[in-house]
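Visitor: Attaching a single structure in C-alpha cells format; questions to follow.
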Amino acid sequence: MEALRAEGLEKRYGEGETEVWALRGVDLLLQSGKVVALLGPSGAGKSTLIKVLGLVTHADRGDLWMNGERVLEGGRPVADVGELRRSHLGFVFQKANLIPFLNARKNVEVACEIGERYSPGKRAAELLAYLGVGHRADAYPSMLSGGEQQRVAIARALANGPSLILADEPTAALDRDRGRAVMDLLRRVAHEQGTAVVVVTHDHRALDVFDATYEMEDGRLSGPNLAA
Ligand SMILES: Nc1ncnc2c1ncn2[C@@H]1O[C@H](COP(=O)(O)OP(=O)(O)O)[C@@H](O)[C@H]1O
Ligand SMILES: [Mg+2]
C-alpha cells in the first residue's frame, strides 16, 4: 500500500536577502512496510522535509497524500492535520525528549491516551516489551541509558499504530553498537508492523538496514522510485 506520495514540495524560509529555498521540488513515493534512509549534508533540507511530511510546518508548493488521502494541495492542508498527526504519524528525534517526571510506561501511555485507539496500559506494556525495554517500564528517563531512552521514544512513536514514522537523526547521540540496534529496531518496526519509516542519518555504516537510500542536496531529493 502507498503510505506516502509527495509531488513537487517546495519550502522557503525568509524573504528577500534572507530567503532560503530549503525544498526545491521534492517528489517521494513510499510504500507501507518499507524503511528508507535520507542522507545528505547539513543544510540540505532533510529536517525541513521531515517537518513538511510530518505536517509540522506547511509547504509553499506541492501536493501530499497519506494512505491515499489528500493532505496538502499547493502546499496547504486540505485535511484535518491534527487528526492525521495523532492517528497516522510517529516521530523520533536525536534526543528522546521523554517527559522527565513520568516513568517509561507512563511516557508511552500518555501518547496512547492522545490517540484513544488502544487501551493505554496494555499497549504501553506490549510496545516496551517489543522494543526490548519491558524490564525498564518503571524507570524514569534519567535512569535510562541513551539507547534505552530511544527505544522508549520509538515505543511512544508507535503508540497509536501510525502508518508513517519520521525519524530525524535518531542515532546521532548513540555509540555505534547502540545506534545499530536502534536502526535494526526501526527496520523491524517497518517490516513487522507494516509502518513506513523514513530515517535521516549520517551513519553510512548502517545503510544495509534500509530498503532504499535517498540523497538530499540543496533542497533536491534523488533516489529510487519505490512505486513498484
Ligand atoms: N526556521 C528556519 N528559518 C530560516 N531558515 C531555516 C529554518 N530552518 C532551516 N532553515 C534553513 O533551511 C535550509 C535547510 O535546513 P534543514 O532542513 O535544517 O537542513 P538539514 O536538516 O539537512 O541540515 C538551511 O539553509 C537552513 O539554514
Ligand atoms: Mg537536520
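Convention: chains lettered A, B, ... in C-alpha cells order; per-chain residue numbering from 1; ligands numbered from 1 as shown.
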Got a sec: who's within 7 Å of stretch 187-196 of chain A, counting only C-alpha atoms, leaving out chain neighbours fewer than 3 positions off, as number ranges by chain?

Guide: A: 3, 31-35, 162-165, 183-184, 209

Visitor: From a DSSP calculation on the backbone, collect every residue of stretch 12-139 of chain A in helix (DSSP H, G or I) and output the set as a PyMOL selection string.

Guide: chain A and resi 16-18+46-53+81-88+104-115+120-130+134-136

Visitor: Set the cut-off to 7 Å, count only C-alpha atoms and all ligand atoms, and list whatever residues fall near ligand 1 as a ChimeraX atom specification.

Guide: /A:13-14,20-22,40-49

Visitor: Can you measure atom CA of A:Ala139 to atom CA of A:Ile114 for me? One decimal in Å is fine.

Guide: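 So the two atoms, atom CA of A:Ala139 and atom CA of A:Ile114, lie 21.9 Å apart.
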
Visitor: Under the rule that only C-alpha atoms are counted, which of A:Ala157, A:Val152, A:Met66, A:Leu98 is the nearest residue to A:Arg136?

Guide: A:Val152

Visitor: If DSSP is run on the backbone, what residues of stretch 10-228 of chain A are strand (DSSP E)? A reply as a VMD selection string would be ideal.

Guide: chain A and resid 10 to 13 20 to 31 35 to 39 61 to 66 69 to 73 76 to 77 89 to 92 164 to 168 196 to 200 212 to 217 220 to 222
